[in-house]
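J.: This is structure19.cif (mmCIF, C-alpha atoms and all ligand atoms).
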```cif
data_protein
#
loop_
_atom_site.label_atom_id
_atom_site.label_comp_id
_atom_site.auth_asym_id
_atom_site.auth_seq_id
_atom_site.Cartn_x
_atom_site.Cartn_y
_atom_site.Cartn_z
CA MET A 1384 6.04 17.38 16.22
CA LYS A 1385 6.07 14.64 18.76
CA ALA A 1386 7.65 11.79 16.79
CA ILE A 1387 11.35 10.99 16.93
CA VAL A 1388 12.77 9.84 13.60
CA GLY A 1389 15.48 7.28 14.40
CA TYR A 1390 17.46 4.44 12.93
CA SER A 1391 17.52 1.90 15.73
CA ALA A 1392 15.40 -1.27 15.78
CA LYS A 1393 16.16 -1.53 19.52
CA GLU A 1394 14.65 1.89 20.18
CA ALA A 1395 11.57 0.95 18.17
CA VAL A 1396 11.15 -2.14 20.34
CA GLN A 1397 11.50 -0.03 23.51
CA TRP A 1398 8.58 2.15 22.39
CA LEU A 1399 6.54 -0.97 21.57
CA HIS A 1400 7.22 -2.27 25.08
CA LEU A 1401 5.83 1.01 26.40
CA GLY A 1402 2.59 0.34 24.52
CA GLU A 1403 3.22 2.86 21.74
CA PRO A 1404 2.64 1.96 18.07
CA VAL A 1405 5.72 2.75 15.95
CA ALA A 1406 6.13 3.41 12.24
CA LEU A 1407 8.40 0.89 10.53
CA PRO A 1408 9.80 0.69 6.99
CA THR A 1409 8.86 -2.21 4.75
CA GLU A 1410 9.82 -2.79 1.12
CA THR A 1411 6.28 -1.79 0.05
CA VAL A 1412 5.16 1.18 2.16
CA TYR A 1413 5.75 2.30 5.77
CA GLY A 1414 3.60 0.49 8.33
CA LEU A 1415 2.25 1.54 11.72
CA ALA A 1416 3.05 -1.43 13.90
CA ALA A 1417 2.01 -3.07 17.17
CA PRO A 1418 2.78 -6.51 18.66
CA LEU A 1419 0.19 -9.15 17.75
CA SER A 1420 -0.62 -9.89 21.40
CA GLU A 1421 -0.98 -6.26 22.56
CA GLU A 1422 -4.64 -5.43 22.01
CA THR A 1423 -4.42 -2.02 23.68
CA THR A 1424 -1.60 -0.91 21.36
CA ILE A 1425 -3.48 -2.34 18.37
CA LYS A 1426 -6.56 -0.30 19.34
CA LYS A 1427 -4.38 2.82 19.30
CA ILE A 1428 -3.52 2.09 15.64
CA TYR A 1429 -7.19 2.19 14.65
CA THR A 1430 -7.68 5.45 16.53
CA LEU A 1431 -4.52 7.09 15.16
CA LYS A 1432 -5.37 6.15 11.58
CA ARG A 1433 -9.08 6.89 12.05
CA ARG A 1434 -9.59 3.47 10.55
CA PRO A 1435 -12.91 1.63 10.82
CA ILE A 1436 -12.57 -1.22 13.32
CA GLU A 1437 -13.99 -3.79 10.87
CA ASN A 1438 -11.06 -3.27 8.48
CA PRO A 1439 -8.61 -6.07 9.38
CA LEU A 1440 -4.83 -5.73 9.67
CA ILE A 1441 -1.97 -7.65 8.08
CA VAL A 1442 0.20 -9.69 10.45
CA HIS A 1443 3.93 -9.54 9.70
CA VAL A 1444 5.97 -12.64 10.52
CA LEU A 1445 9.62 -13.55 10.18
CA ASN A 1446 9.15 -16.88 8.42
CA THR A 1447 6.86 -19.87 7.82
CA GLN A 1448 7.54 -21.18 11.33
CA GLN A 1449 5.93 -18.07 12.83
CA LEU A 1450 3.17 -18.33 10.23
CA GLU A 1451 2.26 -21.79 11.46
CA GLU A 1452 1.77 -20.46 14.97
CA ILE A 1453 -1.03 -18.14 13.87
CA ALA A 1454 -2.68 -19.78 10.81
CA PHE A 1455 -3.56 -23.14 9.28
CA VAL A 1456 -1.04 -23.56 6.49
CA SER A 1457 -1.96 -25.61 3.41
CA THR A 1458 0.62 -27.04 1.00
CA THR A 1459 -0.15 -24.26 -1.51
CA ALA A 1460 0.37 -21.64 1.18
CA SER A 1461 3.68 -23.07 2.27
CA THR A 1462 5.04 -23.39 -1.30
CA LEU A 1463 4.04 -19.79 -2.02
CA ALA A 1464 5.63 -18.60 1.21
CA GLU A 1465 8.81 -20.52 0.50
CA ASN A 1466 9.08 -18.99 -2.94
CA TYR A 1467 7.97 -15.39 -2.35
CA TRP A 1468 8.92 -14.67 1.27
CA PRO A 1469 10.35 -12.49 2.51
CA GLY A 1470 8.53 -10.21 0.08
CA PRO A 1471 5.38 -8.33 -0.94
CA LEU A 1472 2.90 -11.24 -0.99
CA THR A 1473 0.18 -11.39 1.69
CA LEU A 1474 -1.67 -14.68 2.15
CA VAL A 1475 -5.17 -14.89 3.64
CA LEU A 1476 -5.57 -18.14 5.59
CA LYS A 1477 -7.81 -19.63 8.27
CA LYS A 1478 -6.67 -18.14 11.57
CA LYS A 1479 -5.73 -19.89 14.80
CA ASP A 1480 -7.27 -18.86 18.13
CA CYS A 1481 -4.22 -16.92 19.30
CA VAL A 1482 -4.97 -14.16 16.77
CA PRO A 1483 -7.12 -11.56 18.54
CA ASN A 1484 -10.43 -10.57 16.91
CA ILE A 1485 -9.38 -6.94 16.83
CA VAL A 1486 -6.74 -7.88 14.24
CA THR A 1487 -9.12 -9.65 11.88
CA GLY A 1488 -12.21 -7.50 12.27
CA GLY A 1489 -13.93 -10.58 13.67
CA LEU A 1490 -13.23 -12.66 10.53
CA PRO A 1491 -12.20 -16.32 10.87
CA SER A 1492 -9.27 -15.60 8.53
CA VAL A 1493 -5.99 -13.73 8.91
CA ALA A 1494 -3.79 -11.94 6.36
CA VAL A 1495 -0.06 -12.66 6.79
CA ARG A 1496 3.18 -11.73 5.11
CA ALA A 1497 6.91 -11.82 5.84
CA PRO A 1498 8.42 -8.43 5.04
CA GLN A 1499 11.79 -8.10 3.34
CA ALA A 1500 13.03 -4.86 4.88
CA PRO A 1501 15.94 -5.70 7.23
CA LEU A 1502 14.97 -3.18 9.94
CA PHE A 1503 11.42 -4.53 10.14
CA ARG A 1504 12.78 -8.07 10.39
CA GLU A 1505 15.13 -7.00 13.15
CA VAL A 1506 12.21 -5.59 15.12
CA ILE A 1507 10.26 -8.87 14.81
CA SER A 1508 13.35 -10.83 15.91
CA LEU A 1509 14.00 -8.61 18.92
CA LEU A 1510 10.34 -8.65 19.92
CA LYS A 1511 10.09 -12.42 19.38
CA GLU A 1512 6.56 -12.12 18.09
CA PRO A 1513 4.74 -11.05 14.92
CA LEU A 1514 3.64 -7.44 14.40
CA VAL A 1515 0.39 -6.19 12.94
CA ALA A 1516 0.84 -3.19 10.66
CA PRO A 1517 -1.45 -1.29 8.32
CA SER A 1518 0.09 1.39 6.13
CA ALA A 1519 1.20 4.35 8.28
CA ASN A 1520 -1.20 6.95 6.91
CA THR A 1521 -4.49 8.46 7.94
CA PHE A 1522 -7.43 6.44 6.60
CA GLN A 1523 -7.99 6.92 2.84
CA GLN A 1524 -4.91 9.15 2.40
CA LEU A 1525 -1.84 8.38 0.30
CA SER A 1526 0.37 5.60 1.61
CA PRO A 1527 3.77 6.75 2.90
CA THR A 1528 6.92 5.59 1.14
CA THR A 1529 9.41 7.62 3.21
CA ALA A 1530 9.83 8.39 6.93
CA GLN A 1531 9.18 12.07 6.09
CA HIS A 1532 5.71 11.22 4.73
CA VAL A 1533 4.83 9.48 7.98
CA LEU A 1534 6.19 12.42 9.96
CA GLN A 1535 4.00 14.87 8.04
CA ASP A 1536 0.84 12.79 8.33
CA LEU A 1537 1.04 11.23 11.81
CA GLY A 1538 4.12 12.91 13.32
CA SER A 1539 2.22 14.85 15.94
CA GLU A 1540 0.44 11.75 17.19
CA ILE A 1541 3.01 8.93 17.30
CA SER A 1542 6.25 8.60 19.24
CA TYR A 1543 8.75 6.89 16.98
CA ILE A 1544 9.40 6.49 13.26
CA LEU A 1545 12.11 4.03 12.26
CA ASP A 1546 13.73 5.44 9.13
CA GLY A 1547 14.81 2.79 6.62
CA GLY A 1548 15.01 5.13 3.62
CA PRO A 1549 12.57 5.15 0.69
CA CYS A 1550 10.58 1.95 0.05
CA THR A 1551 11.78 -0.03 -2.95
CA PHE A 1552 8.41 -1.23 -4.29
CA GLY A 1553 6.34 1.83 -3.35
CA LEU A 1554 2.99 -0.02 -3.59
CA GLU A 1555 1.28 -2.21 -1.01
CA SER A 1556 1.67 -5.99 -1.14
CA THR A 1557 -0.34 -8.30 -3.37
CA ILE A 1558 -3.09 -10.04 -1.35
CA LEU A 1559 -4.05 -13.62 -2.23
CA SER A 1560 -6.80 -15.52 -0.43
CA LEU A 1561 -6.24 -19.25 -0.04
CA LEU A 1562 -9.34 -19.84 2.06
CA ASP A 1563 -10.67 -22.11 -0.67
CA GLU A 1564 -7.66 -24.18 -1.69
CA GLU A 1565 -9.27 -24.96 -5.06
CA LYS A 1566 -9.89 -21.30 -5.84
CA PRO A 1567 -6.98 -19.02 -5.02
CA THR A 1568 -8.41 -15.51 -5.22
CA LEU A 1569 -6.58 -12.23 -5.73
CA LEU A 1570 -7.88 -9.58 -3.30
CA ARG A 1571 -5.46 -6.74 -4.06
CA HIS A 1572 -3.14 -6.14 -7.01
CA GLY A 1573 0.45 -5.49 -5.96
CA PRO A 1574 4.10 -5.96 -6.85
CA ILE A 1575 3.72 -9.72 -7.38
CA THR A 1576 1.44 -10.03 -10.37
CA LYS A 1577 -1.51 -12.36 -10.94
CA GLU A 1578 0.29 -13.73 -14.01
CA ALA A 1579 3.41 -14.57 -11.97
CA LEU A 1580 1.33 -16.35 -9.32
CA GLU A 1581 -0.62 -18.30 -11.95
CA SER A 1582 2.52 -19.45 -13.64
CA PHE A 1583 4.04 -20.45 -10.30
CA LEU A 1584 0.94 -22.35 -9.13
CA GLN A 1585 0.18 -23.71 -12.59
CA LYS A 1586 -3.49 -22.88 -12.17
CA PRO A 1587 -5.79 -19.92 -12.78
CA ILE A 1588 -6.34 -17.37 -10.04
CA ILE A 1589 -9.74 -15.75 -9.60
CA ASP A 1590 -9.60 -11.98 -9.82
CA GLY A 1591 -11.56 -10.96 -6.73
CA THR A 1592 -10.48 -7.34 -6.91
CA SER A 1593 -13.73 -6.11 -8.40
CA ILE A 1594 -15.94 -7.91 -5.88
CA GLN A 1595 -13.49 -7.10 -3.13
CA VAL A 1596 -15.86 -5.18 -0.93
CA HIS A 1597 -17.24 -8.51 0.27
CA LEU A 1598 -13.97 -10.41 0.25
CA SER A 1599 -11.65 -7.84 1.75
CA PRO A 1600 -13.36 -5.32 3.94
CA GLY A 1601 -10.56 -2.79 3.61
CA LEU A 1602 -10.61 -2.31 -0.13
CA TYR A 1603 -12.74 0.78 -0.32
CA LYS A 1604 -13.67 2.42 -3.58
CA LYS A 1605 -12.19 5.70 -2.41
CA HIS A 1606 -8.66 5.27 -1.07
CA TYR A 1607 -5.07 6.49 -1.38
CA SER A 1608 -6.25 9.99 -2.24
CA PRO A 1609 -4.37 13.28 -2.36
CA LYS A 1610 -6.22 16.32 -1.01
CA LYS A 1611 -5.98 18.20 -4.32
CA PRO A 1612 -8.39 17.15 -7.08
CA LEU A 1613 -6.79 14.28 -8.99
CA TYR A 1614 -7.77 13.81 -12.64
CA TRP A 1615 -7.02 10.48 -14.27
CA VAL A 1616 -6.67 10.35 -18.06
CA GLN A 1617 -5.72 7.74 -20.64
CA ARG A 1618 -2.76 9.71 -22.03
CA LEU A 1619 -1.51 13.23 -21.34
CA GLU A 1620 0.52 13.65 -24.53
CA GLY A 1621 -1.82 15.42 -26.94
CA PHE A 1622 -4.68 15.39 -24.40
CA ILE A 1623 -7.43 17.83 -25.28
CA PRO A 1624 -9.84 18.37 -22.42
CA SER A 1625 -13.53 18.87 -23.07
CA LYS A 1626 -14.87 22.40 -22.54
CA PHE A 1627 -15.96 21.42 -19.06
CA TYR A 1628 -12.44 20.52 -17.88
CA GLU A 1629 -10.47 23.04 -19.93
CA LYS A 1630 -9.91 25.53 -17.14
CA GLN A 1631 -8.87 22.90 -14.59
CA PHE A 1632 -6.43 21.32 -17.07
CA LYS A 1633 -4.75 24.56 -18.08
CA GLU A 1634 -4.72 26.75 -15.00
CA ASN A 1635 -1.96 25.93 -12.58
CA ALA A 1636 -2.37 22.18 -12.95
CA ALA A 1637 0.47 19.69 -12.45
CA HIS A 1638 0.70 17.09 -15.23
CA VAL A 1639 2.28 13.73 -14.38
CA PHE A 1640 3.53 11.56 -17.24
CA LEU A 1641 4.48 7.94 -16.65
CA TYR A 1642 7.29 8.05 -19.22
CA PRO A 1643 9.10 11.01 -20.85
CA PRO A 1644 6.85 12.69 -23.46
CA GLN A 1645 8.04 13.59 -26.98
CA HIS A 1646 8.12 17.33 -26.26
CA LYS A 1647 10.41 19.33 -23.97
CA LEU A 1648 9.16 19.19 -20.36
CA GLN A 1649 7.29 22.28 -19.15
CA PRO A 1650 7.64 23.55 -15.56
CA ASN A 1651 4.29 21.97 -14.61
CA GLU A 1652 5.19 18.58 -16.10
CA TYR A 1653 6.64 15.62 -14.22
CA VAL A 1654 7.85 12.19 -15.30
CA LEU A 1655 7.57 9.16 -13.00
CA SER A 1656 9.99 6.92 -14.87
CA PRO A 1657 12.72 8.45 -17.03
CA SER A 1658 13.91 4.90 -17.85
CA LYS A 1659 10.41 3.80 -18.95
CA SER A 1660 9.97 1.05 -16.38
CA LEU A 1661 6.61 0.28 -14.80
CA GLN A 1662 8.33 -0.76 -11.57
CA GLU A 1663 9.95 2.68 -11.40
CA VAL A 1664 6.51 4.28 -11.94
CA ALA A 1665 5.21 2.27 -8.96
CA THR A 1666 8.17 3.21 -6.77
CA HIS A 1667 7.74 6.95 -7.43
CA LEU A 1668 3.93 7.17 -7.65
CA PHE A 1669 2.88 7.91 -4.05
CA LYS A 1670 5.99 10.02 -3.41
CA CYS A 1671 5.23 12.23 -6.42
CA LEU A 1672 1.55 12.62 -5.47
CA GLN A 1673 2.53 13.47 -1.88
CA THR A 1674 4.93 16.18 -3.08
CA LEU A 1675 2.53 17.74 -5.60
CA ASP A 1676 -0.26 17.66 -3.04
CA LYS A 1677 1.80 19.95 -0.81
CA GLU A 1678 2.85 22.34 -3.56
CA ASN A 1679 0.87 25.20 -4.93
CA TRP A 1680 -1.01 23.40 -7.72
CA SER A 1681 -4.75 23.69 -8.11
CA SER A 1682 -5.09 20.11 -9.41
CA ILE A 1683 -3.05 17.07 -10.43
CA TRP A 1684 -3.47 15.23 -13.74
CA ILE A 1685 -2.01 11.77 -14.22
CA GLU A 1686 -1.99 9.06 -16.90
CA LYS A 1687 -3.25 5.50 -16.90
CA ALA A 1688 -0.65 2.71 -16.91
CA PRO A 1689 -0.72 -0.16 -19.42
CA ASP A 1690 -3.00 -2.79 -17.93
CA TYR A 1691 -0.50 -5.62 -17.41
CA GLY A 1692 2.02 -6.70 -14.77
CA ILE A 1693 2.43 -4.16 -12.01
CA GLY A 1694 0.51 -1.70 -14.24
CA LYS A 1695 -2.64 -3.39 -12.88
CA ALA A 1696 -1.69 -2.45 -9.30
CA ILE A 1697 -0.84 1.11 -10.38
CA ASN A 1698 -4.22 1.49 -12.12
CA ASP A 1699 -6.02 -0.05 -9.17
CA ARG A 1700 -4.53 2.60 -6.82
CA LEU A 1701 -5.18 5.42 -9.31
CA SER A 1702 -8.78 4.37 -9.89
CA ARG A 1703 -9.39 4.72 -6.14
CA ALA A 1704 -7.30 7.86 -5.72
CA ALA A 1705 -8.81 9.83 -8.62
CA HIS A 1706 -11.60 12.28 -7.95
CA PHE A 1707 -12.32 12.47 -11.68
CA ASN A 1708 -11.85 9.39 -13.82
CA LEU A 1709 -11.65 10.53 -17.45
CA THR A 1710 -10.21 7.24 -18.73
CA ILE A 1711 -13.61 5.71 -19.46
O1 LIG A 1801 2.36 -3.85 1.80
C1 LIG A 1801 1.50 -3.96 2.68
O2 LIG A 1801 0.67 -4.87 2.69
C2 LIG A 1801 1.49 -2.87 3.77
C3 LIG A 1801 2.75 -3.02 4.62
C4 LIG A 1801 2.76 -2.11 5.82
O3 LIG A 1801 2.92 -4.35 4.98
N1 LIG A 1801 0.32 -2.98 4.59
C5 LIG A 1801 -0.91 -2.63 4.16
O4 LIG A 1801 -1.89 -2.71 5.13
O5 LIG A 1801 -1.15 -2.26 3.03
P1 LIG A 1801 -3.32 -2.04 4.99
O6 LIG A 1801 -3.92 -2.17 6.33
O7 LIG A 1801 -3.22 -0.69 4.44
O8 LIG A 1801 -4.07 -3.00 4.01
C6 LIG A 1801 -4.40 -4.29 4.43
C7 LIG A 1801 -5.46 -4.86 3.56
C8 LIG A 1801 -6.81 -4.22 3.80
O9 LIG A 1801 -7.40 -3.91 2.57
C9 LIG A 1801 -7.58 -5.33 4.52
O10 LIG A 1801 -8.94 -5.30 4.26
C10 LIG A 1801 -6.93 -6.58 3.95
O11 LIG A 1801 -5.58 -6.25 3.87
N2 LIG A 1801 -7.10 -7.71 4.88
C11 LIG A 1801 -6.56 -7.87 6.09
N3 LIG A 1801 -6.98 -9.01 6.67
C12 LIG A 1801 -7.81 -9.61 5.79
C13 LIG A 1801 -8.58 -10.81 5.80
N4 LIG A 1801 -8.56 -11.64 6.84
N5 LIG A 1801 -9.33 -11.11 4.71
C14 LIG A 1801 -9.33 -10.28 3.64
N6 LIG A 1801 -8.65 -9.11 3.57
C15 LIG A 1801 -7.89 -8.78 4.64
MG MG A 1802 -3.47 1.20 3.58
#
```
Let me see the file written as structure tokens.
Ligand code: TXA
Ligand code: MG

T.:
Amino acid sequence: MKAIVGYSAKEAVQWLHLGEPVALPTETVYGLAAPLSEETTIKKIYTLKRRPIENPLIVHVLNTQQLEEIAFVSTTASTLAENYWPGPLTLVLKKKDCVPNIVTGGLPSVAVRAPQAPLFREVISLLKEPLVAPSANTFQQLSPTTAQHVLQDLGSEISYILDGGPCTFGLESTILSLLDEEKPTLLRHGPITKEALESFLQKPIIDGTSIQVHLSPGLYKKHYSPKKPLYWVQRLEGFIPSKFYEKQFKENAAHVFLYPPQHKLQPNEYVLSPSKSLQEVATHLFKCLQTLDKENWSSIWIEKAPDYGIGKAINDRLSRAAHFNLTI
């Protein structure tokens, strides 16, 4: 392993000054970061992640003042930022010229958010400029929610991982496009729900998550996947697989329930939220899949979340992660 796992924002900045991307904790997932103005370091991120160059990155700022330096900020954008930042809401706005094309995949827009995690904020303050950061995982793999996940995935290729403990939200930020002021459009479900944004803005938001391939180049159909076959079902309690799936379901398969089932848990059964909270399901989801993926199971079976609130973001990730979708 090459990477040092440390706790110092100063050290992280030293590595950035040397032109090395570093992994940083955010409240959503860990990011692999580079300074906005350092194109060579940014290029390294694409190579390390094996990420297609046309898939744009999110720029992380400290506050609305820094936002104004890189994007054209409408009244709607600034009210949203004032209310939800720092936090897991990414806004897509028209970019200013100082944002390099490599960040936006050549698009005239830029995605921006102000992260909440104190260590990440300290790094931006010390660096005195915004940082671009995609999730710190190899392209299409599960997003990391602990420093250990990053170490296992990219540890042999990067120099420094700043350990801020497990991420509180556990799912990537909500992405909202404000390119057309009249038609705010949701590009990715996340911790801040469509319903919450609609009630805050007092107007409907277009759900662009199903036509996202055109709107957000990075939202691939296949994404966030474990290596083991992942089966997605409506409910596991009382689930009876068809003849075709019987063997896979019964033989050495891990079963992941969202909430505690009625029966006594078997050794192959896991529960994401003992307290029956959807937010807790989100927080533990990637971590649980990462762990099971490394263990000796032949496949992983997981349930669908109720389709409201953050359940929408959970189902969005699972629909992309699953190799077999048996919910429809
Ligand atoms: O919570 C998060 O957002 C995490 C942490 C590290 O901040 N970051 C993250 O980055 O999830 P990434 O690269 O895994 O996902 C960024 C998404 C991609 O789907 C990309 O296509 C979209 O943001 N995106 C970036 N710039 C965009 C733009 N100008 N227009 C539309 N979509 C954009
Ligand atoms: Mg990602």

J.: Using all atoms listed in the file, list the residues that have an atom at most 9 Å from (1.3, 0.9, 8.7), coordinates as in the file, as number ranges by chain.

T.: A: 1405-1408, 1412-1416, 1428, 1432, 1515-1520, 1526-1527

J.: Determine, counting all atoms listed in the file, which protein, DNA and RNA residues have an atom within 10 Å of an atom of range 1444-1446 of chain A; residues of the same chain fewer than 6 positions away are not included. Present the result as a ChimeraX atom specification.

T.: /A:1419,1452-1453,1464-1465,1468-1469,1495-1499,1503-1508,1511-1515

J.: Just to be explicit: take each residue in the selection above, keep C-alpha atoms, and write the result as a PDB file, in the coordinates of the input.

T.:
```pdb
ATOM      1  CA  LEU A1419       0.190  -9.150  17.750  1.00  0.00           C
ATOM      2  CA  GLU A1452       1.770 -20.460  14.970  1.00  0.00           C
ATOM      3  CA  ILE A1453      -1.030 -18.140  13.870  1.00  0.00           C
ATOM      4  CA  ALA A1464       5.630 -18.600   1.210  1.00  0.00           C
ATOM      5  CA  GLU A1465       8.810 -20.520   0.500  1.00  0.00           C
ATOM      6  CA  TRP A1468       8.920 -14.670   1.270  1.00  0.00           C
ATOM      7  CA  PRO A1469      10.350 -12.490   2.510  1.00  0.00           C
ATOM      8  CA  VAL A1495      -0.060 -12.660   6.790  1.00  0.00           C
ATOM      9  CA  ARG A1496       3.180 -11.730   5.110  1.00  0.00           C
ATOM     10  CA  ALA A1497       6.910 -11.820   5.840  1.00  0.00           C
ATOM     11  CA  PRO A1498       8.420  -8.430   5.040  1.00  0.00           C
ATOM     12  CA  GLN A1499      11.790  -8.100   3.340  1.00  0.00           C
ATOM     13  CA  PHE A1503      11.420  -4.530  10.140  1.00  0.00           C
ATOM     14  CA  ARG A1504      12.780  -8.070  10.390  1.00  0.00           C
ATOM     15  CA  GLU A1505      15.130  -7.000  13.150  1.00  0.00           C
ATOM     16  CA  VAL A1506      12.210  -5.590  15.120  1.00  0.00           C
ATOM     17  CA  ILE A1507      10.260  -8.870  14.810  1.00  0.00           C
ATOM     18  CA  SER A1508      13.350 -10.830  15.910  1.00  0.00           C
ATOM     19  CA  LYS A1511      10.090 -12.420  19.380  1.00  0.00           C
ATOM     20  CA  GLU A1512       6.560 -12.120  18.090  1.00  0.00           C
ATOM     21  CA  PRO A1513       4.740 -11.050  14.920  1.00  0.00           C
ATOM     22  CA  LEU A1514       3.640  -7.440  14.400  1.00  0.00           C
ATOM     23  CA  VAL A1515       0.390  -6.190  12.940  1.00  0.00           C
TER      24      VAL A1515
END
```

J.: As a quick test: using all atoms listed in the file, which residues lie no more than 7 Å away from ligand LIG 1801 (chain A)? Give them as an MDAnalysis selection string.

T.: chainID A and resid 1409 1411:1415 1438:1441 1471 1473 1475 1487 1490 1492:1494 1498 1516:1518 1554:1556 1558 1570 1598:1602

J.: From the set A:Ser1560, A:Thr1423, A:Ser1539, A:Gln1531, which residue has the shortest atom-to-atom contact distance to Ala1460 in chain A, counting all atoms listed in the file?

T.: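 Of A:Ser1560, A:Thr1423, A:Ser1539, A:Gln1531, the one nearest Ala1460 in chain A, counting all atoms listed in the file, is A:Ser1560.
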
J.: My list of candidates is A:Lys1566, A:Thr1710, A:Thr1551, A:Gln1645. Which is closest to Val1664 in chain A when distances are computed with all atoms listed in the file?

T.: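 Looking at the shortest contact to Val1664 in chain A, the residue is A:Thr1551.
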
J.: Which residues are near range 1578-1580 of chain A? Cut-off 8 Å, all atoms listed in the file, ignore same chain within fewer than 4 positions. Put them as a PDB file with C-alpha atoms, keeping the file's coordinate frame.

T.:
```pdb
ATOM      1  CA  LEU A1584       0.940 -22.350  -9.130  1.00  0.00           C
ATOM      2  CA  ILE A1588      -6.340 -17.370 -10.040  1.00  0.00           C
ATOM      3  CA  GLY A1692       2.020  -6.700 -14.770  1.00  0.00           C
TER       4      GLY A1692
END
```

J.: Env of range 1399-1401 of chain A: 8 Å cut, atoms = only C-alpha atoms, seq-sep filter 3 positions within chain, self excluded. Answer as a CSV table (one decimal) with C-alpha atoms, keeping the file's coordinate frame.

T.:
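The resulting selection08.csv:
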```csv
chain,number,residue,atom,x,y,z
A,1395,ALA,CA,11.6,1.0,18.2
A,1396,VAL,CA,11.2,-2.1,20.3
A,1404,PRO,CA,2.6,2.0,18.1
A,1405,VAL,CA,5.7,2.8,16.0
A,1417,ALA,CA,2.0,-3.1,17.2
A,1418,PRO,CA,2.8,-6.5,18.7
```

J.: Taking all atoms listed in the file into account, which of A:Asn1698, A:Gln1449, A:Gln1673, A:Ser1682 comes nearest Leu1661 in chain A?

T.: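 Using all atoms listed in the file, the shortest distance to Leu1661 in chain A belongs to A:Asn1698.
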
J.: Counting only C-alpha atoms and all ligand atoms, which of A:Phe1627, A:Tyr1691, A:Phe1669, A:Tyr1467 gets nearest to ligand MG 1802 (chain A)?

T.: A:Phe1669

J.: Using all atoms listed in the file, which residue out of A:Gln1524, A:Tyr1628, A:Tyr1390, A:Leu1472 lies closest to ligand MG 1802 (chain A)?

T.: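 Looking only at the distances to ligand MG 1802 (chain A), the closest residue turns out to be A:Gln1524.
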
J.: How many Å separate CA of Asp1546 in chain A from CA of Ala1392 in chain A?

T.: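 Between CA of Asp1546 in chain A and CA of Ala1392 in chain A the gap works out to 9.6 Å.
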
J.: Can you tell me which residues surround Ile1693 in chain A at a distance of at most 12 Å, considering all atoms listed in the file, apart from same-chain residues fewer than 4 positions away, and format the answer as a tab-separated table (two decimals) with C-alpha atoms, in the frame of the given file?

T.:
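Okay, this is what ended up in part04.tsv:
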```
chain	number	residue	atom	x	y	z
A	1552	PHE	CA	8.41	-1.23	-4.29
A	1553	GLY	CA	6.34	1.83	-3.35
A	1554	LEU	CA	2.99	-0.02	-3.59
A	1555	GLU	CA	1.28	-2.21	-1.01
A	1556	SER	CA	1.67	-5.99	-1.14
A	1557	THR	CA	-0.34	-8.30	-3.37
A	1571	ARG	CA	-5.46	-6.74	-4.06
A	1572	HIS	CA	-3.14	-6.14	-7.01
A	1573	GLY	CA	0.45	-5.49	-5.96
A	1574	PRO	CA	4.10	-5.96	-6.85
A	1575	ILE	CA	3.72	-9.72	-7.38
A	1576	THR	CA	1.44	-10.03	-10.37
A	1577	LYS	CA	-1.51	-12.36	-10.94
A	1578	GLU	CA	0.29	-13.73	-14.01
A	1579	ALA	CA	3.41	-14.57	-11.97
A	1660	SER	CA	9.97	1.05	-16.38
A	1661	LEU	CA	6.61	0.28	-14.80
A	1662	GLN	CA	8.33	-0.76	-11.57
A	1663	GLU	CA	9.95	2.68	-11.40
A	1664	VAL	CA	6.51	4.28	-11.94
A	1665	ALA	CA	5.21	2.27	-8.96
A	1666	THR	CA	8.17	3.21	-6.77
A	1688	ALA	CA	-0.65	2.71	-16.91
A	1689	PRO	CA	-0.72	-0.16	-19.42
A	1697	ILE	CA	-0.84	1.11	-10.38
A	1698	ASN	CA	-4.22	1.49	-12.12
A	1699	ASP	CA	-6.02	-0.05	-9.17
A	1700	ARG	CA	-4.53	2.60	-6.82
```

J.: What gap, in Å, lies between CA of Leu1476 in chain A and CA of Pro1587 in chain A?

T.: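 Answer for the CA of Leu1476 in chain A to CA of Pro1587 in chain A separation: 18.5 Å.
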
J.: Residues within 7 Å of (13.3, 6.3, 0.2), file coordinates, counting all atoms listed in the file: what are they? Give the list as a list of chain:residue names.

T.: A:Thr1528, A:Thr1529, A:Gly1548, A:Pro1549, A:Cys1550

J.: For CA of Ser1461 in chain A and CA of Asp1690 in chain A, determine how far apart the two atoms are, in Å to one decimal place.

T.: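 Result for CA of Ser1461 in chain A versus CA of Asp1690 in chain A: 29.4 Å, one decimal.
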
J.: Could you give me the axis-aligned bounding box of range 1492-1501 of chain A, with 8 Å of padding per side, as centre plus edge lengths in Å to one decimal, as lines of an AutoDock Vina configuration file?

T.:
```
center_x = 3.3
center_y = -10.2
center_z = 6.1
size_x = 41.2
size_y = 26.7
size_z = 21.6
```
